[in-house]
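> mmCIF, C-alpha atoms, saved as query_10.cif, coming up:
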data_start
loop_
_atom_site.label_atom_id
_atom_site.label_comp_id
_atom_site.auth_asym_id
_atom_site.auth_seq_id
_atom_site.Cartn_x
_atom_site.Cartn_y
_atom_site.Cartn_z
CA MET A 154 93.80 -191.43 174.64
CA SER A 155 95.44 -194.84 174.96
CA SER A 156 97.03 -195.72 178.28
CA SER A 157 100.48 -195.80 176.67
CA ALA A 158 99.99 -192.33 175.14
CA LYS A 159 98.81 -191.05 178.52
CA SER A 160 101.69 -192.63 180.34
CA ARG A 161 104.17 -191.17 177.79
CA MET A 162 102.64 -187.72 178.26
CA LEU A 163 102.84 -187.96 182.06
CA ALA A 164 106.44 -189.17 181.89
CA ARG A 165 107.35 -186.34 179.51
CA ALA A 166 105.90 -183.73 181.89
CA ALA A 167 107.71 -185.39 184.79
CA ARG A 168 111.05 -184.87 182.98
CA ASP A 169 110.62 -181.10 183.40
CA ILE A 170 110.45 -181.51 187.18
CA THR A 171 114.06 -181.10 188.21
CA PRO A 172 115.95 -181.39 191.51
CA GLY A 173 115.26 -178.60 194.00
CA MET A 174 111.96 -177.45 192.54
CA THR A 175 108.84 -176.62 194.55
CA VAL A 176 105.92 -177.89 192.47
CA ASN A 177 102.12 -177.93 192.63
CA LEU A 178 100.32 -180.60 190.61
CA GLY A 179 96.69 -179.76 189.80
CA ILE A 180 93.79 -182.08 190.49
CA GLY A 181 93.21 -184.97 188.05
CA LEU A 182 95.70 -185.81 185.31
CA PRO A 183 98.50 -183.54 186.64
CA THR A 184 98.47 -185.30 190.04
CA GLN A 185 99.42 -188.51 188.24
CA VAL A 186 102.70 -186.95 187.05
CA MET A 187 103.94 -187.64 190.59
CA ASN A 188 104.12 -191.36 189.73
CA HIS A 189 106.65 -190.61 186.97
CA VAL A 190 109.12 -188.51 188.96
CA ALA A 191 112.21 -190.50 189.99
CA ALA A 192 111.89 -191.59 193.61
CA ASP A 193 115.31 -190.12 194.45
CA CYS A 194 114.67 -186.73 192.81
CA PRO A 195 114.60 -184.07 195.55
CA VAL A 196 111.34 -182.25 194.78
CA CYS A 197 109.05 -180.44 197.19
CA LEU A 198 105.45 -181.10 196.22
CA HIS A 199 103.01 -178.48 197.49
CA SER A 200 99.28 -179.04 197.80
CA GLU A 201 97.16 -175.96 198.36
CA ASN A 202 95.18 -177.43 201.25
CA GLY A 203 98.28 -176.91 203.37
CA ILE A 204 101.31 -179.15 202.85
CA ALA A 205 104.79 -178.68 201.38
CA GLY A 206 106.56 -182.01 201.08
CA VAL A 207 104.02 -184.54 199.86
CA GLY A 208 105.60 -187.99 200.21
CA GLY A 209 103.27 -189.92 197.93
CA LEU A 210 99.92 -191.65 197.96
CA ALA A 211 99.10 -193.38 201.24
CA ALA A 212 99.19 -197.17 200.94
CA PRO A 213 95.79 -198.85 201.27
CA GLY A 214 94.92 -199.21 204.94
CA GLN A 215 97.64 -196.72 205.92
CA ALA A 216 95.66 -193.51 205.30
CA ASN A 217 95.79 -190.79 207.95
CA ARG A 218 92.28 -189.28 208.12
CA ASN A 219 93.82 -185.81 208.61
CA LEU A 220 96.22 -185.96 205.68
CA ILE A 221 94.92 -185.42 202.14
CA ASP A 222 95.92 -183.48 199.05
CA ALA A 223 93.71 -180.83 197.46
CA GLY A 224 92.06 -183.48 195.28
CA GLY A 225 90.96 -185.43 198.35
CA GLY A 226 93.42 -188.29 197.89
CA TYR A 227 95.08 -189.68 201.02
CA ILE A 228 98.80 -188.94 200.99
CA THR A 229 101.89 -189.18 203.16
CA CYS A 230 104.19 -186.39 204.31
CA ALA A 231 107.88 -186.65 203.34
CA ALA A 232 110.58 -186.25 206.01
CA GLY A 233 111.12 -182.49 206.17
CA GLY A 234 107.56 -181.68 205.09
CA SER A 235 105.43 -179.03 206.75
CA PHE A 236 101.76 -178.22 207.32
CA PHE A 237 100.23 -174.74 207.29
CA ASP A 238 96.93 -172.91 207.00
CA SER A 239 95.28 -171.85 203.73
CA ALA A 240 96.48 -168.23 203.96
CA VAL A 241 100.11 -169.34 204.28
CA SER A 242 99.55 -171.89 201.52
CA PHE A 243 98.46 -169.19 199.08
CA ALA A 244 101.12 -166.78 200.34
CA LEU A 245 103.52 -169.44 199.07
CA VAL A 246 101.71 -169.46 195.71
CA ARG A 247 101.20 -165.72 195.21
CA GLY A 248 104.59 -164.89 196.71
CA GLY A 249 106.33 -166.70 193.85
CA ARG A 250 107.69 -169.73 195.75
CA LEU A 251 106.29 -172.23 193.26
CA ASP A 252 108.80 -173.01 190.54
CA LEU A 253 106.24 -174.91 188.52
CA THR A 254 102.58 -175.83 188.44
CA LEU A 255 101.00 -178.36 186.10
CA LEU A 256 97.30 -177.80 185.44
CA GLY A 257 94.51 -179.31 183.37
CA ALA A 258 92.64 -177.37 180.66
CA PHE A 259 89.32 -177.12 178.87
CA GLU A 260 91.02 -174.78 176.39
CA VAL A 261 94.47 -173.28 176.09
CA ALA A 262 95.41 -170.57 173.61
CA ALA A 263 98.46 -169.74 171.51
CA ASN A 264 98.83 -166.54 173.55
CA GLY A 265 99.06 -168.51 176.81
CA ASP A 266 95.51 -167.85 177.99
CA LEU A 267 94.06 -170.73 180.02
CA ALA A 268 90.42 -171.73 180.53
CA ASN A 269 89.95 -174.59 182.98
CA TRP A 270 87.22 -173.81 185.49
CA ILE A 271 83.87 -173.00 183.92
CA ILE A 272 81.80 -174.07 180.91
CA PRO A 273 78.85 -171.69 181.16
CA GLY A 274 75.57 -173.60 181.40
CA LYS A 275 77.33 -176.95 181.74
CA PHE A 276 80.03 -177.01 184.37
CA ALA A 277 80.51 -174.42 187.09
CA ALA A 278 81.66 -176.04 190.31
CA GLY A 279 83.97 -173.21 191.36
CA VAL A 280 87.51 -172.13 190.66
CA GLY A 281 89.29 -173.54 193.73
CA GLY A 282 92.94 -172.51 193.71
CA ALA A 283 93.43 -172.56 189.94
CA ILE A 284 93.48 -168.81 189.32
CA GLU A 285 96.27 -168.16 191.78
CA LEU A 286 98.31 -171.16 190.66
CA ALA A 287 97.96 -170.17 186.99
CA GLN A 288 98.66 -166.49 187.60
CA LYS A 289 101.55 -166.74 190.07
CA ALA A 290 103.57 -169.94 189.64
CA ARG A 291 106.92 -169.06 188.04
CA ARG A 292 106.26 -171.58 185.31
CA VAL A 293 102.89 -172.99 184.21
CA GLY A 294 102.54 -176.24 182.31
CA VAL A 295 99.25 -177.49 180.93
CA LEU A 296 98.59 -181.20 180.68
CA THR A 297 95.70 -182.17 178.42
CA THR A 298 94.54 -184.42 175.65
CA HIS A 299 95.30 -182.67 172.36
CA THR A 300 91.60 -182.81 171.36
CA ASP A 301 88.35 -183.15 173.30
CA LYS A 302 86.24 -186.32 173.25
CA HIS A 303 84.56 -185.15 170.04
CA GLY A 304 87.94 -184.67 168.35
CA ASN A 305 87.85 -180.86 168.50
CA PRO A 306 91.12 -179.05 169.21
CA LYS A 307 91.69 -177.87 172.77
CA ILE A 308 94.62 -175.70 171.67
CA LEU A 309 93.16 -172.61 170.01
CA GLU A 310 94.23 -169.20 168.71
CA ARG A 311 92.06 -167.65 171.44
CA CYS A 312 90.01 -169.27 174.21
CA THR A 313 86.23 -169.18 173.79
CA LEU A 314 85.49 -170.06 177.44
CA PRO A 315 85.90 -167.68 180.39
CA LEU A 316 89.57 -167.50 181.37
CA THR A 317 91.26 -168.80 184.48
CA ALA A 318 94.22 -166.49 183.87
CA VAL A 319 95.54 -164.33 181.04
CA GLY A 320 98.74 -165.26 179.19
CA CYS A 321 99.93 -167.57 181.96
CA VAL A 322 100.88 -170.79 180.16
CA ASN A 323 104.51 -171.56 179.26
CA ARG A 324 104.34 -175.16 178.01
CA ILE A 325 101.62 -177.56 176.85
CA TYR A 326 102.00 -181.35 177.15
CA THR A 327 99.53 -183.51 175.23
CA ASP A 328 99.22 -187.09 174.04
CA MET A 329 100.48 -185.85 170.63
CA ALA A 330 103.04 -183.12 171.25
CA VAL A 331 104.87 -180.68 173.49
CA CYS A 332 104.36 -177.01 172.60
CA ASP A 333 105.83 -173.82 174.04
CA VAL A 334 104.07 -170.48 174.26
CA LEU A 335 106.59 -167.79 173.32
CA PRO A 336 106.13 -164.10 172.50
CA ASP A 337 106.07 -164.81 168.73
CA GLY A 338 103.51 -167.63 168.99
CA LEU A 339 103.02 -171.31 169.63
CA HIS A 340 106.12 -173.44 169.00
CA LEU A 341 106.04 -177.18 168.38
CA VAL A 342 108.86 -178.56 170.52
CA GLU A 343 108.43 -182.35 170.39
CA LEU A 344 106.19 -184.95 168.80
CA ALA A 345 104.89 -188.04 170.56
CA GLU A 346 106.39 -191.20 169.14
CA GLY A 347 104.39 -192.39 166.12
CA VAL A 348 102.58 -189.07 165.64
CA SER A 349 103.26 -187.05 162.48
CA LEU A 350 103.58 -183.31 162.11
CA SER A 351 100.52 -183.16 159.86
CA GLU A 352 98.42 -185.06 162.42
CA VAL A 353 99.40 -182.50 165.04
CA ARG A 354 98.66 -179.58 162.72
CA ASP A 355 95.21 -181.05 161.95
CA ALA A 356 94.44 -181.49 165.65
CA THR A 357 95.60 -178.00 166.65
CA GLY A 358 93.33 -174.96 166.39
CA ALA A 359 96.20 -172.49 166.23
CA ALA A 360 99.13 -171.77 163.93
CA LEU A 361 102.19 -173.82 164.91
CA ILE A 362 105.76 -172.61 164.54
CA VAL A 363 107.77 -175.69 163.61
CA PRO A 364 111.54 -176.10 164.17
CA ASN A 365 113.88 -176.56 161.22
CA GLY A 366 115.17 -180.10 160.78
CA LEU A 367 114.30 -183.17 162.75
CA ILE A 368 111.62 -182.71 165.43
CA PRO A 369 112.55 -184.54 168.64
CA THR A 370 110.15 -187.24 169.85
CA PHE A 371 109.11 -188.34 173.32
CA MET B 222 96.75 -165.39 237.24
CA PRO B 223 94.27 -168.19 236.42
CA LEU B 224 92.65 -168.44 233.01
CA LEU B 225 88.97 -168.98 232.26
CA ASP B 226 87.61 -172.45 231.55
CA LYS B 227 85.61 -172.10 228.29
CA SER B 228 84.22 -175.63 228.23
CA THR B 229 80.61 -175.46 227.02
CA LEU B 230 77.96 -178.09 226.37
CA LEU B 231 77.47 -178.79 222.66
CA THR B 232 73.76 -177.88 222.82
CA ASP B 233 74.37 -174.64 224.76
CA ALA B 234 77.05 -173.44 222.33
CA ILE B 235 75.04 -174.10 219.16
CA ALA B 236 71.80 -172.74 220.69
CA LYS B 237 73.34 -169.26 220.40
CA ILE B 238 73.09 -169.36 216.58
CA PRO B 239 69.96 -167.52 215.33
CA ASP B 240 68.11 -167.44 211.99
CA GLY B 241 69.97 -165.47 209.35
CA ALA B 242 73.41 -165.95 210.94
CA ARG B 243 76.62 -165.81 208.90
CA ILE B 244 78.60 -168.91 209.82
CA MET B 245 82.15 -169.85 208.87
CA ILE B 246 82.87 -173.58 208.92
CA GLY B 247 86.45 -174.88 208.95
CA GLY B 248 87.68 -177.81 206.90
CA PHE B 249 88.94 -178.70 203.43
CA GLY B 250 87.13 -181.87 202.43
CA VAL B 251 86.81 -184.13 205.46
CA PRO B 252 89.91 -183.02 207.44
CA GLY B 253 89.13 -180.16 209.79
CA THR B 254 85.35 -180.19 209.23
CA PRO B 255 83.53 -179.87 212.59
CA PHE B 256 80.94 -182.56 211.85
CA THR B 257 79.65 -182.74 215.44
CA LEU B 258 78.96 -178.98 215.59
CA ILE B 259 77.26 -179.15 212.16
CA GLU B 260 75.10 -182.09 213.21
CA GLU B 261 73.94 -180.18 216.30
CA LEU B 262 73.31 -177.09 214.15
CA VAL B 263 70.95 -179.18 211.99
CA ARG B 264 69.15 -180.36 215.13
CA HIS B 265 68.90 -176.75 216.42
CA GLY B 266 67.54 -175.71 213.01
CA PRO B 267 68.07 -171.98 212.33
CA ARG B 268 67.07 -170.89 208.79
CA ASN B 269 68.31 -168.48 206.11
CA LEU B 270 71.93 -169.08 207.01
CA THR B 271 74.93 -167.78 205.08
CA ILE B 272 77.59 -170.48 205.14
CA ILE B 273 81.23 -169.66 204.41
CA LYS B 274 83.31 -172.76 203.77
CA ASN B 275 86.09 -173.73 201.36
CA ASP B 276 83.95 -176.49 199.83
CA ALA B 277 80.54 -178.08 200.33
CA ASN B 278 81.94 -181.41 201.55
CA GLU B 279 80.36 -184.34 199.68
CA ALA B 280 76.70 -185.30 199.24
CA GLY B 281 75.43 -186.68 202.55
CA MET B 282 78.27 -185.17 204.62
CA GLY B 283 78.85 -182.06 206.73
CA VAL B 284 77.70 -178.90 204.94
CA ASP B 285 75.40 -181.06 202.84
CA TRP B 286 73.35 -181.86 205.97
CA LEU B 287 72.60 -178.12 206.24
CA LEU B 288 71.80 -177.87 202.52
CA GLN B 289 69.46 -180.86 202.60
CA ALA B 290 67.69 -179.49 205.68
CA GLY B 291 66.90 -176.32 203.70
CA MET B 292 68.71 -174.13 206.22
CA VAL B 293 71.11 -172.41 203.80
CA LYS B 294 70.28 -169.30 201.82
CA ARG B 295 73.73 -168.44 200.59
CA LEU B 296 77.02 -170.32 200.29
CA ILE B 297 80.34 -168.50 199.92
CA THR B 298 82.93 -171.05 198.79
CA SER B 299 85.86 -171.77 196.48
CA HIS B 300 84.37 -174.88 194.85
CA VAL B 301 81.60 -177.45 195.28
CA GLY B 302 82.84 -180.02 192.76
CA LEU B 303 82.65 -183.03 195.07
CA ASN B 304 79.03 -182.41 196.11
CA GLY B 305 76.53 -183.21 193.36
CA ASN B 306 73.66 -182.18 195.61
CA ALA B 307 75.13 -178.69 196.11
CA ILE B 308 75.58 -178.32 192.34
CA ARG B 309 71.97 -179.39 191.77
CA MET B 310 70.65 -176.93 194.39
CA MET B 311 72.79 -174.14 192.91
CA ASN B 312 71.53 -174.82 189.38
CA ALA B 313 67.92 -175.01 190.63
CA ARG B 314 68.49 -171.67 192.46
CA GLU B 315 67.54 -173.25 195.77
CA ILE B 316 70.72 -171.69 197.18
CA GLU B 317 72.78 -168.68 196.12
CA VAL B 318 76.44 -169.52 195.59
CA GLU B 319 79.28 -167.02 195.53
CA PHE B 320 82.55 -168.46 194.23
CA VAL B 321 85.77 -166.93 195.51
CA ALA B 322 89.29 -167.95 194.45
CA GLN B 323 90.59 -170.18 197.23
CA GLY B 324 93.52 -168.08 198.40
CA ILE B 325 91.46 -164.90 198.11
CA LEU B 326 88.79 -166.52 200.29
CA ALA B 327 91.46 -167.41 202.85
CA GLU B 328 92.98 -163.93 202.76
CA ARG B 329 89.61 -162.14 203.01
CA ILE B 330 88.89 -164.18 206.13
CA ARG B 331 92.40 -163.55 207.48
CA ALA B 332 91.98 -159.82 206.87
CA ALA B 333 88.75 -159.72 208.87
CA GLY B 334 90.42 -161.62 211.70
CA ALA B 335 93.31 -159.15 211.63
CA GLY B 336 90.95 -156.18 211.90
CA LEU B 337 91.59 -154.99 208.34
CA LYS B 338 88.94 -153.74 205.94
CA GLY B 339 90.36 -155.65 202.97
CA PHE B 340 93.40 -155.85 200.71
CA VAL B 341 94.60 -155.07 197.19
CA THR B 342 95.50 -157.80 194.70
CA ASP B 343 96.04 -158.48 191.00
CA ILE B 344 94.55 -161.99 191.30
CA GLY B 345 91.64 -162.47 188.89
CA ILE B 346 92.38 -159.48 186.66
CA GLY B 347 91.12 -160.33 183.16
CA THR B 348 88.68 -163.00 184.40
CA LEU B 349 84.98 -163.24 185.31
CA LEU B 350 85.87 -163.13 189.00
CA ALA B 351 87.06 -159.52 188.61
CA GLU B 352 83.68 -158.32 187.39
CA GLY B 353 81.88 -155.87 189.64
CA LYS B 354 84.88 -155.44 191.95
CA GLN B 355 86.27 -152.09 192.97
CA ARG B 356 89.50 -151.27 191.11
CA VAL B 357 92.52 -149.27 192.13
CA GLU B 358 95.84 -148.36 190.44
CA MET B 359 98.93 -149.59 192.31
CA ASP B 360 102.45 -149.23 190.89
CA GLY B 361 100.97 -148.49 187.48
CA GLU B 362 98.95 -151.71 187.50
CA THR B 363 95.19 -152.15 187.75
CA CYS B 364 94.34 -154.11 190.88
CA LEU B 365 91.22 -155.23 192.70
CA ILE B 366 90.11 -154.35 196.19
CA GLU B 367 89.05 -157.48 198.04
CA PRO B 368 86.93 -156.72 201.11
CA ALA B 369 87.46 -158.50 204.41
CA LEU B 370 85.00 -161.34 205.08
CA GLU B 371 83.69 -161.67 208.62
CA ALA B 372 81.02 -163.79 210.25
CA ASP B 373 78.79 -163.99 213.29
CA PHE B 374 79.98 -167.49 214.20
CA ALA B 375 82.90 -169.74 213.34
CA LEU B 376 82.66 -173.51 213.79
CA ILE B 377 86.13 -174.99 214.22
CA HIS B 378 87.57 -178.50 214.52
CA ALA B 379 90.79 -178.95 216.50
CA ALA B 380 92.81 -182.05 217.31
CA ARG B 381 93.73 -180.78 220.77
CA ALA B 382 92.75 -177.91 223.03
CA ASP B 383 93.24 -176.82 226.59
CA THR B 384 90.23 -175.66 228.58
CA PHE B 385 91.20 -171.99 228.03
CA GLY B 386 90.72 -172.58 224.28
CA ASN B 387 94.26 -172.77 222.91
CA LEU B 388 93.97 -174.95 219.81
CA VAL B 389 96.25 -177.33 217.93
CA TYR B 390 95.31 -178.77 214.53
CA ALA B 391 96.47 -182.00 212.90
CA ALA B 392 98.18 -182.17 209.48
CA THR B 393 95.99 -180.85 206.62
CA ALA B 394 93.02 -180.52 208.98
CA ARG B 395 94.42 -177.05 209.78
CA ASN B 396 93.43 -175.39 206.44
CA PHE B 397 90.83 -172.63 207.06
CA ASN B 398 90.33 -173.34 210.78
CA PRO B 399 92.86 -170.91 212.30
CA LEU B 400 91.76 -168.13 209.90
CA MET B 401 88.06 -168.55 210.62
CA ALA B 402 88.68 -168.84 214.35
CA MET B 403 89.95 -165.22 214.20
CA ALA B 404 87.26 -163.80 211.91
CA ALA B 405 83.96 -164.37 213.74
CA GLU B 406 82.16 -162.53 216.50
CA CYS B 407 81.74 -165.84 218.34
CA THR B 408 84.07 -168.82 217.78
CA ILE B 409 82.95 -172.29 218.81
CA ALA B 410 85.60 -175.00 218.65
CA GLU B 411 85.17 -178.76 218.99
CA ALA B 412 88.27 -180.69 220.03
CA GLU B 413 89.15 -184.37 220.00
CA ILE B 414 91.30 -184.09 223.11
CA ILE B 415 90.82 -181.45 225.81
CA LEU B 416 93.71 -180.98 228.20
CA PRO B 417 93.86 -179.04 231.44
CA ILE B 418 95.23 -175.50 231.28
CA GLY B 419 99.00 -175.76 230.83
CA GLY B 420 98.61 -178.99 228.88
CA ILE B 421 99.74 -177.42 225.61
CA ASP B 422 103.23 -176.00 225.17
CA PRO B 423 102.76 -172.26 224.43
CA ASP B 424 105.19 -172.62 221.50
CA ALA B 425 102.96 -175.33 219.97
CA VAL B 426 99.68 -173.35 219.99
CA HIS B 427 98.20 -172.76 216.50
CA THR B 428 95.18 -170.65 217.56
CA PRO B 429 95.67 -168.61 220.74
CA ALA B 430 92.77 -168.89 223.18
CA PRO B 431 91.67 -165.22 223.06
CA PHE B 432 90.16 -166.00 219.65
CA VAL B 433 88.02 -168.84 221.04
CA ASP B 434 84.75 -168.29 222.92
CA HIS B 435 83.39 -171.78 223.49
CA LEU B 436 85.07 -175.15 223.63
CA VAL B 437 83.10 -178.35 223.04
CA ALA B 438 84.51 -181.76 223.91
CA LEU B 439 84.08 -184.53 221.34
CA PRO B 440 83.23 -188.05 222.48
CA GLU B 441 86.11 -190.51 222.50
CA GLN B 442 84.40 -192.44 219.71
CA LEU B 443 84.12 -189.97 216.82
CA MET B 444 81.27 -190.16 214.31
CA GLU B 445 82.17 -192.40 211.41
CA VAL B 446 82.26 -189.48 208.95
CA TYR B 447 85.49 -188.12 210.51
CA GLY B 448 87.27 -191.24 209.34
CA VAL B 449 86.03 -191.39 205.77
CA VAL B 450 88.96 -192.67 203.80
CA LYS B 451 87.24 -194.05 200.73
CA ARG B 452 85.71 -191.76 198.11
#
Can you dump the structure from the file as structure tokens?

Amino acid sequence: MSSSAKSRMLARAARDITPGMTVNLGIGLPTQVMNHVAADCPVCLHSENGIAGVGGLAAPGQANRNLIDAGGGYITCAAGGSFFDSAVSFALVRGGRLDLTLLGAFEVAANGDLANWIIPGKFAAGVGGAIELAQKARRVGVLTTHTDKHGNPKILERCTLPLTAVGCVNRIYTDMAVCDVLPDGLHLVELAEGVSLSEVRDATGAALIVPNGLIPTF
Amino acid sequence: MPLLDKSTLLTDAIAKIPDGARIMIGGFGVPGTPFTLIEELVRHGPRNLTIIKNDANEAGMGVDWLLQAGMVKRLITSHVGLNGNAIRMMNAREIEVEFVAQGILAERIRAAGAGLKGFVTDIGIGTLLAEGKQRVEMDGETCLIEPALEADFALIHAARADTFGNLVYAATARNFNPLMAMAAECTIAEAEIILPIGGIDPDAVHTPAPFVDHLVALPEQLMEVYGVVKR
């Protein structure tokens, strides 16, 4: 994925973060969406290690040794932010106070199933908070490259890997497209600039429902 | 009525921990990890320990000292992704690892501390983590019974304490500490600053002193690992 395609994808996901939301950004790519949210947009960023109101990344040399996000990055706390223990943090998640979470994926399926924590025999470092975020956030977005490093689709009819959560995903943002999971299937919503519909179809392992007329680009 | 002074020497507090103990260790990454208590535990050297901690710190830090010393039989955790040594030991079956979803781990510990036997949840239904768990129907929905998780000892890191054992945590160093402090038979807390009784506003207390058994003062100059900022 080129840096411009990545940056366009991050910026596109950031556009769905709207004023007043409480949002959790997963470790890795999703965390970087923060850099694309307008500085004056009133958004409460939650991190599951116990903060609501992440200010941003701590400037070099300004890190507080007691203040990190769940990915281990040193952050600041916004004015009005709060700290709490891990039980309260997940009460916030399971209790439905998260308007949106953006997560990474190994595989995501046309029925909204998500697999992002274990590749049996290869990668099994533990599930962290992903199950509860995926299962209980009011809206779940997945941020991923459209294909893996071998060019195989990551969007499939059904996941082959063990699931993180069943039928949890609402929207998928990739370097090639934005897709929505709806009851009747996987809808193509937008195309990345310079990417054609047939390229997206070829790179997707599931049937795509395509809108009539011009497909918007991002 | 005066209140007990629970100040204890580091060596005396940790000497209570025997072979085979179940030990909860606070912290999420570096913040809130009681590195001084862990270092003394390595020196004391009990074996066949069950360690309950959110993560395995990083290679060469904290929980990893216990792993490398061969003291750990079983690790109950939410993820070990930042510790390549823990992953290697898990794959080589040198340690048993039980993965628990992070909020379920927190709540199982909280339940034990609250004197409950467990709780009912729909988290994990339809995934590997539901396998082998007791099921129950609630409101027409299949749910899982998650048992409370208790321990013999809890090792806690606090920013401030009074000598009675009231604890205050700093920022995201709070994490699992207040939950674990409630869930163990014997809770040992290290604190960066120890104040006389009355030195903490009762409204500001995070962990009330009745949950704390022993209080260990940290030296003014903390070990370097507490200040790790680069990873």
> Please enumerate the residues selected by the PyMOL selection byres ((chain A) within 6 of (chain B)) when evaluated against the supplied file, formatted as a PyMOL selection string.
chain A and resi 202-203+218-220+236+238-240+243+278-282+316
> Leaving out segment 167-170 of chain A and any residue of its chain fewer than 3 positions from it, which residues lie within 12 Å of it when counting only C-alpha atoms, given as a PyMOL selection string?
chain A and resi 160-164+173-178+183-192+194-198+251-255+292-294+296+324-326+331+371
> Keeping only C-alpha atoms, write the selected residues as a tab-separated table (two decimals), keeping the file's coordinate frame.

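Output contents, as saved in part.tsv:
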chain	number	residue	atom	x	y	z
A	160	SER	CA	101.69	-192.63	180.34
A	161	ARG	CA	104.17	-191.17	177.79
A	162	MET	CA	102.64	-187.72	178.26
A	163	LEU	CA	102.84	-187.96	182.06
A	164	ALA	CA	106.44	-189.17	181.89
A	173	GLY	CA	115.26	-178.60	194.00
A	174	MET	CA	111.96	-177.45	192.54
A	175	THR	CA	108.84	-176.62	194.55
A	176	VAL	CA	105.92	-177.89	192.47
A	177	ASN	CA	102.12	-177.93	192.63
A	178	LEU	CA	100.32	-180.60	190.61
A	183	PRO	CA	98.50	-183.54	186.64
A	184	THR	CA	98.47	-185.30	190.04
A	185	GLN	CA	99.42	-188.51	188.24
A	186	VAL	CA	102.70	-186.95	187.05
A	187	MET	CA	103.94	-187.64	190.59
A	188	ASN	CA	104.12	-191.36	189.73
A	189	HIS	CA	106.65	-190.61	186.97
A	190	VAL	CA	109.12	-188.51	188.96
A	191	ALA	CA	112.21	-190.50	189.99
A	192	ALA	CA	111.89	-191.59	193.61
A	194	CYS	CA	114.67	-186.73	192.81
A	195	PRO	CA	114.60	-184.07	195.55
A	196	VAL	CA	111.34	-182.25	194.78
A	197	CYS	CA	109.05	-180.44	197.19
A	198	LEU	CA	105.45	-181.10	196.22
A	251	LEU	CA	106.29	-172.23	193.26
A	252	ASP	CA	108.80	-173.01	190.54
A	253	LEU	CA	106.24	-174.91	188.52
A	254	THR	CA	102.58	-175.83	188.44
A	255	LEU	CA	101.00	-178.36	186.10
A	292	ARG	CA	106.26	-171.58	185.31
A	293	VAL	CA	102.89	-172.99	184.21
A	294	GLY	CA	102.54	-176.24	182.31
A	296	LEU	CA	98.59	-181.20	180.68
A	324	ARG	CA	104.34	-175.16	178.01
A	325	ILE	CA	101.62	-177.56	176.85
A	326	TYR	CA	102.00	-181.35	177.15
A	331	VAL	CA	104.87	-180.68	173.49
A	371	PHE	CA	109.11	-188.34	173.32
> Which residues would end up in the selection if the PyMOL selection byres ((chain B and resi 420) around 12) were applied here, given that I need the answer as a list in words?
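When the PyMOL selection byres ((chain B and resi 420) around 12) is applied to the shown file, the picked residues are Arg381, Ala382, Asp383, Thr384, Phe385, Gly386, Asn387, Leu388, Val389, Ile414, Ile415, Leu416, Pro417, Ile418, Gly419, Ile421, Asp422, Pro423, Asp424, Ala425 and Val426 of chain B.
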> Skipping near chain neighbours, those fewer than 4 positions away, what residues fall within 8 Å of Glu260 of chain B using all atoms listed in the file, listed as a JSON list (two decimals) with C-alpha atoms, keeping the file's coordinate frame?

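Output saved as part36.json:
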[["chain", "number", "residue", "atom", "x", "y", "z"],
["B", 256, "PHE", "CA", 80.94, -182.56, 211.85],
["B", 264, "ARG", "CA", 69.15, -180.36, 215.13],
["B", 283, "GLY", "CA", 78.85, -182.06, 206.73],
["B", 286, "TRP", "CA", 73.35, -181.86, 205.97]]
> So what does the PyMOL selection byres ((chain A and resi 334) around 8) actually pick up in this one, as a ChimeraX atom specification?
/A:263-265,322-325,332-333,335-336,338-340
> Extract, using all atoms listed in the file, all DNA, RNA and protein residues at most 7 Å from Val437 of chain B, discarding same-chain residues fewer than 4 positions from it, and format them as a list in words.
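Neighbouring residues, sequence-local ones excluded: Ser228, Thr229, Leu230, Leu231, Ala410, Glu411 and Ala412 of chain B.
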> Could you check which of B:Met282, B:Ile366, B:Ala372, B:Ile297 is closest to Gly241 of chain B, using only C-alpha atoms?
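The answer is B:Ala372, which sits nearest to Gly241 of chain B.
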> Could N, CA and C atoms be built for segment 250-257 of chain A and written out as an mmCIF file, in the frame of the given file?

data_model
loop_
_atom_site.group_PDB
_atom_site.id
_atom_site.type_symbol
_atom_site.label_atom_id
_atom_site.label_comp_id
_atom_site.auth_asym_id
_atom_site.auth_seq_id
_atom_site.Cartn_x
_atom_site.Cartn_y
_atom_site.Cartn_z
ATOM 1 N N ARG A 250 106.834 -168.628 195.274
ATOM 2 C CA ARG A 250 107.690 -169.730 195.750
ATOM 3 C C ARG A 250 107.482 -171.016 194.965
ATOM 4 N N LEU A 251 106.500 -171.029 194.080
ATOM 5 C CA LEU A 251 106.290 -172.230 193.260
ATOM 6 C C LEU A 251 107.094 -172.098 191.982
ATOM 7 N N ASP A 252 108.007 -173.032 191.775
ATOM 8 C CA ASP A 252 108.800 -173.010 190.540
ATOM 9 C C ASP A 252 107.962 -173.450 189.354
ATOM 10 N N LEU A 253 107.007 -174.328 189.613
ATOM 11 C CA LEU A 253 106.240 -174.910 188.520
ATOM 12 C C LEU A 253 104.877 -175.369 189.020
ATOM 13 N N THR A 254 103.849 -175.141 188.204
ATOM 14 C CA THR A 254 102.580 -175.830 188.440
ATOM 15 C C THR A 254 102.161 -176.493 187.142
ATOM 16 N N LEU A 255 101.571 -177.665 187.263
ATOM 17 C CA LEU A 255 101.000 -178.360 186.100
ATOM 18 C C LEU A 255 99.499 -178.409 186.304
ATOM 19 N N LEU A 256 98.753 -177.913 185.316
ATOM 20 C CA LEU A 256 97.300 -177.800 185.440
ATOM 21 C C LEU A 256 96.596 -178.474 184.274
ATOM 22 N N GLY A 257 95.333 -178.796 184.457
ATOM 23 C CA GLY A 257 94.510 -179.310 183.370
ATOM 24 C C GLY A 257 93.918 -178.145 182.581
#
